[in-house]
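Enquirer: Just start_9.pdb, nothing more (PDB, C-alpha atoms and all ligand atoms):
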```pdb
ATOM      1  CA  MET Z  10       4.405   8.858  15.438
ATOM      2  CA  ILE Z  11       4.249   5.512  13.701
ATOM      3  CA  GLU Z  12       6.540   2.960  15.295
ATOM      4  CA  ILE Z  13       7.493  -0.018  13.181
ATOM      5  CA  PRO Z  14      10.043  -2.774  13.702
ATOM      6  CA  GLU Z  15      13.347  -2.308  11.887
ATOM      7  CA  LEU Z  16      12.512  -5.459   9.990
ATOM      8  CA  ALA Z  17       8.879  -5.569   8.935
ATOM      9  CA  LEU Z  18       6.693  -6.083   5.926
ATOM     10  CA  VAL Z  19       4.743  -2.850   5.717
ATOM     11  CA  ALA Z  20       1.511  -2.906   3.738
ATOM     12  CA  LEU Z  21       0.169   0.498   2.779
ATOM     13  CA  VAL Z  22      -3.622   0.341   2.621
ATOM     14  CA  GLY Z  23      -5.736   2.963   0.905
ATOM     15  CA  VAL Z  24      -7.897   3.826  -2.061
ATOM     16  CA  SER Z  25      -6.426   5.134  -5.282
ATOM     17  CA  GLY Z  26      -5.507   8.746  -4.668
ATOM     18  CA  SER Z  27      -5.142   8.389  -0.911
ATOM     19  CA  GLY Z  28      -1.451   9.202  -1.247
ATOM     20  CA  LYS Z  29       0.251   5.831  -0.773
ATOM     21  CA  SER Z  30       2.989   6.359  -3.369
ATOM     22  CA  THR Z  31       3.586   9.888  -2.111
ATOM     23  CA  PHE Z  32       3.835   8.586   1.465
ATOM     24  CA  ALA Z  33       6.198   5.806   0.395
ATOM     25  CA  ARG Z  34       8.463   8.252  -1.434
ATOM     26  CA  ARG Z  35       8.533  10.545   1.528
ATOM     27  CA  HIS Z  36       9.300   8.030   4.245
ATOM     28  CA  PHE Z  37      11.206   5.192   2.609
ATOM     29  CA  ALA Z  38      14.072   4.661   0.216
ATOM     30  CA  PRO Z  39      13.026   3.775  -3.345
ATOM     31  CA  SER Z  40      14.611   0.327  -3.034
ATOM     32  CA  GLN Z  41      12.486  -0.458   0.034
ATOM     33  CA  VAL Z  42       9.242   0.112  -1.821
ATOM     34  CA  LEU Z  43       7.665  -2.560  -4.008
ATOM     35  CA  SER Z  44       4.804  -1.051  -5.955
ATOM     36  CA  SER Z  45       2.154  -2.984  -7.818
ATOM     37  CA  ASP Z  46       2.383  -0.419 -10.622
ATOM     38  CA  ALA Z  47       6.098  -1.004 -11.087
ATOM     39  CA  PHE Z  48       5.618  -4.778 -11.095
ATOM     40  CA  ARG Z  49       2.807  -4.541 -13.661
ATOM     41  CA  GLY Z  50       5.188  -2.485 -15.749
ATOM     42  CA  MET Z  51       7.904  -5.106 -15.370
ATOM     43  CA  VAL Z  52       5.752  -8.067 -16.378
ATOM     44  CA  ALA Z  53       3.489  -6.370 -18.941
ATOM     45  CA  ASP Z  54       5.167  -3.163 -20.156
ATOM     46  CA  ASP Z  55       2.074  -1.371 -18.872
ATOM     47  CA  GLU Z  56       1.623  -0.199 -15.291
ATOM     48  CA  ASN Z  57      -2.151  -0.019 -15.792
ATOM     49  CA  ASP Z  58      -2.680  -3.456 -17.326
ATOM     50  CA  GLN Z  59      -5.004  -4.979 -14.730
ATOM     51  CA  SER Z  60      -4.910  -8.326 -16.547
ATOM     52  CA  ALA Z  61      -1.272  -8.527 -15.471
ATOM     53  CA  SER Z  62      -2.083  -8.204 -11.774
ATOM     54  CA  ALA Z  63      -1.765 -11.892 -10.896
ATOM     55  CA  ASP Z  64       1.673 -12.143 -12.496
ATOM     56  CA  ALA Z  65       2.702  -8.782 -11.062
ATOM     57  CA  PHE Z  66       1.815  -9.801  -7.499
ATOM     58  CA  ASP Z  67       3.456 -13.157  -7.999
ATOM     59  CA  ALA Z  68       6.694 -11.345  -8.834
ATOM     60  CA  LEU Z  69       6.174  -8.782  -6.066
ATOM     61  CA  HIS Z  70       5.683 -11.492  -3.436
ATOM     62  CA  HIS Z  71       8.772 -13.282  -4.674
ATOM     63  CA  VAL Z  72      10.950 -10.175  -4.387
ATOM     64  CA  ALA Z  73       9.419  -9.297  -1.013
ATOM     65  CA  GLY Z  74      10.313 -12.775   0.228
ATOM     66  CA  ILE Z  75      13.904 -12.438  -0.942
ATOM     67  CA  ARG Z  76      14.235  -9.056   0.737
ATOM     68  CA  LEU Z  77      12.794 -10.323   4.019
ATOM     69  CA  ARG Z  78      15.104 -13.348   3.944
ATOM     70  CA  ARG Z  79      17.953 -10.874   3.592
ATOM     71  CA  GLY Z  80      16.687  -8.930   6.586
ATOM     72  CA  LEU Z  81      15.493  -5.874   4.695
ATOM     73  CA  LEU Z  82      12.483  -3.749   5.568
ATOM     74  CA  THR Z  83       9.991  -3.942   2.729
ATOM     75  CA  VAL Z  84       7.046  -1.677   1.953
ATOM     76  CA  VAL Z  85       4.266  -2.757  -0.373
ATOM     77  CA  ASP Z  86       2.722   0.143  -2.258
ATOM     78  CA  ALA Z  87      -0.562  -1.267  -3.530
ATOM     79  CA  THR Z  88      -4.153  -0.554  -2.539
ATOM     80  CA  ASN Z  89      -4.231  -3.731  -0.400
ATOM     81  CA  LEU Z  90      -7.977  -3.318  -0.017
ATOM     82  CA  GLN Z  91      -8.910  -6.936  -0.682
ATOM     83  CA  PRO Z  92      -8.520  -9.668   1.941
ATOM     84  CA  HIS Z  93      -6.934 -11.997  -0.618
ATOM     85  CA  ALA Z  94      -4.339  -9.387  -1.561
ATOM     86  CA  ARG Z  95      -3.415  -8.865   2.075
ATOM     87  CA  ALA Z  96      -3.383 -12.604   2.756
ATOM     88  CA  GLY Z  97      -0.555 -12.973   0.238
ATOM     89  CA  LEU Z  98       1.500 -10.414   2.135
ATOM     90  CA  VAL Z  99       0.821 -11.948   5.555
ATOM     91  CA  ARG Z 100       1.859 -15.302   4.156
ATOM     92  CA  VAL Z 101       5.173 -13.982   2.809
ATOM     93  CA  ALA Z 102       5.890 -12.224   6.119
ATOM     94  CA  ARG Z 103       5.129 -15.355   8.138
ATOM     95  CA  GLU Z 104       7.271 -17.519   5.895
ATOM     96  CA  HIS Z 105      10.186 -15.320   6.887
ATOM     97  CA  ASP Z 106       9.271 -14.774  10.545
ATOM     98  CA  VAL Z 107       8.781 -11.094   9.929
ATOM     99  CA  LEU Z 108       5.998  -8.952  11.376
ATOM    100  CA  PRO Z 109       3.369  -7.766   8.927
ATOM    101  CA  VAL Z 110       2.374  -4.173   9.672
ATOM    102  CA  ALA Z 111      -0.394  -2.139   8.045
ATOM    103  CA  ILE Z 112      -0.418   1.611   7.560
ATOM    104  CA  VAL Z 113      -3.879   2.764   6.517
ATOM    105  CA  LEU Z 114      -4.210   6.051   4.640
ATOM    106  CA  ASP Z 115      -7.792   7.207   4.917
ATOM    107  CA  VAL Z 116      -8.754  10.396   3.106
ATOM    108  CA  PRO Z 117     -12.268  11.618   2.287
ATOM    109  CA  GLU Z 118     -13.516  10.185  -0.993
ATOM    110  CA  ALA Z 119     -13.886  13.710  -2.387
ATOM    111  CA  VAL Z 120     -10.178  14.353  -1.843
ATOM    112  CA  ALA Z 121      -9.145  11.132  -3.540
ATOM    113  CA  TRP Z 122     -11.518  11.846  -6.423
ATOM    114  CA  GLU Z 123     -10.238  15.357  -6.946
ATOM    115  CA  ARG Z 124      -6.667  14.077  -7.036
ATOM    116  CA  THR Z 125      -7.609  11.286  -9.422
ATOM    117  CA  GLN Z 126      -9.118  13.716 -11.878
ATOM    118  CA  GLY Z 127      -5.848  15.586 -12.045
ATOM    119  CA  ARG Z 128      -3.824  12.503 -12.972
ATOM    120  CA  ALA Z 129      -2.953  11.351 -16.467
ATOM    121  CA  ASP Z 130      -2.017   7.865 -15.205
ATOM    122  CA  ARG Z 131      -5.466   7.028 -13.776
ATOM    123  CA  THR Z 132      -8.671   6.724 -15.762
ATOM    124  CA  HIS Z 133     -11.071   4.955 -13.410
ATOM    125  CA  GLY Z 134     -14.490   6.442 -12.761
ATOM    126  CA  ARG Z 135     -16.057   7.608  -9.570
ATOM    127  CA  GLN Z 136     -17.890   4.302  -8.991
ATOM    128  CA  VAL Z 137     -14.580   2.468  -8.888
ATOM    129  CA  LEU Z 138     -13.392   4.843  -6.190
ATOM    130  CA  THR Z 139     -16.631   4.454  -4.248
ATOM    131  CA  ARG Z 140     -16.192   0.689  -4.320
ATOM    132  CA  MET Z 141     -12.637   1.068  -3.046
ATOM    133  CA  GLN Z 142     -13.917   3.244  -0.180
ATOM    134  CA  ARG Z 143     -16.384   0.524   0.719
ATOM    135  CA  ASP Z 144     -13.607  -2.058   0.655
ATOM    136  CA  LEU Z 145     -11.549   0.199   2.921
ATOM    137  CA  ARG Z 146     -14.401   0.480   5.459
ATOM    138  CA  GLN Z 147     -14.682  -3.306   5.488
ATOM    139  CA  SER Z 148     -10.929  -3.678   5.918
ATOM    140  CA  TYR Z 149     -10.834  -1.955   9.292
ATOM    141  CA  GLY Z 150     -12.433  -4.786  11.210
ATOM    142  CA  ARG Z 151     -10.356  -7.387   9.446
ATOM    143  CA  LEU Z 152      -6.743  -6.303   9.424
ATOM    144  CA  ALA Z 153      -5.810  -7.449  12.936
ATOM    145  CA  ARG Z 154      -7.614 -10.768  12.498
ATOM    146  CA  GLU Z 155      -5.829 -11.339   9.200
ATOM    147  CA  GLY Z 156      -2.513 -11.284  11.026
ATOM    148  CA  PHE Z 157      -1.320  -7.680  10.856
ATOM    149  CA  ARG Z 158       0.441  -7.239  14.179
ATOM    150  CA  LYS Z 159       0.271  -3.473  14.148
ATOM    151  CA  VAL Z 160      -2.368  -1.460  12.337
ATOM    152  CA  HIS Z 161      -1.617   2.245  12.122
ATOM    153  CA  VAL Z 162      -4.461   4.382  10.871
ATOM    154  CA  LEU Z 163      -3.820   7.853   9.483
ATOM    155  CA  ARG Z 164      -7.122   9.661   9.112
ATOM    156  CA  GLY Z 165      -7.337  12.741   6.954
ATOM    157  CA  VAL Z 166      -4.878  14.738   4.907
ATOM    158  CA  ASP Z 167      -3.377  16.579   7.900
ATOM    159  CA  GLU Z 168      -2.680  13.444   9.912
ATOM    160  CA  ILE Z 169      -1.058  11.790   6.890
ATOM    161  CA  ASP Z 170       1.006  14.905   6.324
ATOM    162  CA  ALA Z 171       2.175  15.088   9.918
ATOM    163  CA  ALA Z 172       3.086  11.401  10.237
ATOM    164  CA  ARG Z 173       6.614  10.428  11.169
ATOM    165  CA  ILE Z 174       8.098   6.953  11.234
ATOM    166  CA  ARG Z 175      10.210   5.669  14.088
ATOM    167  CA  TYR Z 176      11.970   2.357  14.158
ATOM    168  CA  ALA Z 177      11.605   0.140  17.208
ATOM    169  CA  LYS Z 178      14.746  -1.681  18.279
TER
HETATM  170  N1  LIG Z 201      -1.136  14.197  -3.745
HETATM  171  C1  LIG Z 201      -1.258  15.477  -3.268
HETATM  172  N2  LIG Z 201      -1.053  15.747  -1.946
HETATM  173  C2  LIG Z 201      -0.734  14.758  -1.086
HETATM  174  C3  LIG Z 201      -0.602  13.441  -1.554
HETATM  175  C4  LIG Z 201      -0.828  13.188  -2.909
HETATM  176  O1  LIG Z 201      -1.548  16.388  -4.029
HETATM  177  N3  LIG Z 201      -0.534  15.047   0.190
HETATM  178  C5  LIG Z 201      -1.361  13.941  -5.169
HETATM  179  C6  LIG Z 201      -0.185  13.257  -5.830
HETATM  180  O2  LIG Z 201       0.721  14.201  -6.324
HETATM  181  C7  LIG Z 201      -0.851  12.483  -6.929
HETATM  182  C8  LIG Z 201      -2.233  12.167  -6.363
HETATM  183  O3  LIG Z 201      -2.441  13.064  -5.292
HETATM  184  O4  LIG Z 201      -1.014  13.234  -8.079
HETATM  185  C9  LIG Z 201      -2.349  10.765  -5.849
HETATM  186  O5  LIG Z 201      -1.315  10.515  -4.893
HETATM  187  P1  LIG Z 201      -0.567   9.130  -4.890
HETATM  188  O6  LIG Z 201       0.444   9.184  -3.804
HETATM  189  O7  LIG Z 201      -0.078   8.805  -6.254
HETATM  190  O8  LIG Z 201      -1.786   8.186  -4.496
HETATM  191  P2  LIG Z 201      -1.855   6.588  -4.448
HETATM  192  O9  LIG Z 201      -2.573   6.224  -3.187
HETATM  193  O10 LIG Z 201      -0.504   6.025  -4.651
HETATM  194  O11 LIG Z 201      -2.791   6.263  -5.676
HETATM  195  P3  LIG Z 201      -2.816   4.906  -6.574
HETATM  196  O12 LIG Z 201      -3.427   3.854  -5.700
HETATM  197  O13 LIG Z 201      -3.694   5.250  -7.709
HETATM  198  O14 LIG Z 201      -1.422   4.574  -6.965
HETATM  199 MG    MG Z 202       0.317   4.834  -6.105
END
```
Take the structure from the file and write it as structure tokens.
Ligand code: CTP
Ligand code: MG

Expert:
Amino acid sequence: MIEIPELALVALVGVSGSGKSTFARRHFAPSQVLSSDAFRGMVADDENDQSASADAFDALHHVAGIRLRRGLLTVVDATNLQPHARAGLVRVAREHDVLPVAIVLDVPEAVAWERTQGRADRTHGRQVLTRMQRDLRQSYGRLAREGFRKVHVLRGVDEIDAARIRYAK
């Protein structure tokens, strides 16, 4: 059971193919989920245009801040594997006195790779995935220090599948 505050900024953390978007769809309302893909689409007409990432995250952080100011739980569906990406989220949460929470989805690289190969909307190679896995390993020791007040780790497909979310009062 994952317990999160009723008002929190939830960062999903995981490599491409770990199941973040699937998890977000399953556990949260669409309006609660801000996805980097959707924001790239909004600012660039192309969800895969990596050159639009800076503008996309700028817009995402802005909307997240507005939601938190309005007292609304907000989930960020992005890989969040880089310290600088997470720092932006911690900053927005702090600006609004809201707890930043991380939910890490950790699946074996082979699982993520197999899923990736079956997707039309992803074209990255295996090395890109391997680098993401390395970034994930390095993230573990850092998340708490970066300011995430709760770090929930879901390890493996079964644990991710069985996860339930409960809201703390
Ligand atoms: N998938 C699956 N079984 C799961 C979870 C996901 O078969 N338990 C599939 C999804 O249907 C999708 C792929 O695996 O085709 C990747 O899942 P997704 O949730 O999209 O992964 P993300 O972590 O969101 O990947 P990305 O970072 O690339 O957006
Ligand atoms: Mg996704």

Enquirer: Got a sec: who's within 9 Å of Ser25 in chain Z, counting all atoms listed in the file, leaving out chain neighbours fewer than 3 positions off, as JSON, numbers by chain?

Expert: {"Z": [28, 29, 87, 88, 121, 122, 125, 131, 138, 141]}

Enquirer: Tell me, as number ranges by chain, which residues lie within 12 Å of Asp64 in chain Z, counting all atoms listed in the file; anything in the same chain fewer than 2 positions away does not count.

Expert: Z: 45-46, 48-53, 58-62, 66-71

Enquirer: Name the residues that the PyMOL selection byres (((not hetatm)) within 9 of (chain Z and resi 201)) pulls out of this structure, and write them as a ChimeraX atom specification.

Expert: /Z:21-34,44-46,86-88,114,120-121,123-131,166-167,169-170

Enquirer: Let me know the residues the PyMOL selection byres (((chain Z and resi 110) around 7) and not hetatm) catches in the file above, as a PyMOL selection string.

Expert: chain Z and resi 17-20+108-109+111-112+157-160

Enquirer: With a distance cut-off of 12 Å and only C-alpha atoms, select the neighbouring residues of Lys178 in chain Z, excluding the residue or stretch itself and same-chain residues fewer than 6 positions from it, and output the selection as number ranges by chain.

Expert: Z: 12-17

Enquirer: Between CA of Arg103 in chain Z and CA of Ile75 in chain Z, what distance in Å does the model show, to one decimal?

Expert: 13.0 Å

Enquirer: On this file, the PyMOL selection byres (((chain Z and resi 90-99) around 6) and not hetatm) gives some set of residues; write that set as a compact mmCIF listing (two decimals) with C-alpha atoms, in the coordinates of the input.

Expert:
```txt
# COMPACT_ATOMS: atom_id res chain seq x y z
CA THR Z 88 -4.15 -0.55 -2.54
CA ASN Z 89 -4.23 -3.73 -0.40
CA ARG Z 100 1.86 -15.30 4.16
CA VAL Z 101 5.17 -13.98 2.81
CA ALA Z 102 5.89 -12.22 6.12
CA PRO Z 109 3.37 -7.77 8.93
CA ASP Z 144 -13.61 -2.06 0.66
CA LEU Z 145 -11.55 0.20 2.92
```

Enquirer: Just to confirm, what's the straight-line distance from CA of Ser40 in chain Z to CA of Leu82 in chain Z in Å (one decimal)?

Expert: 9.8 Å
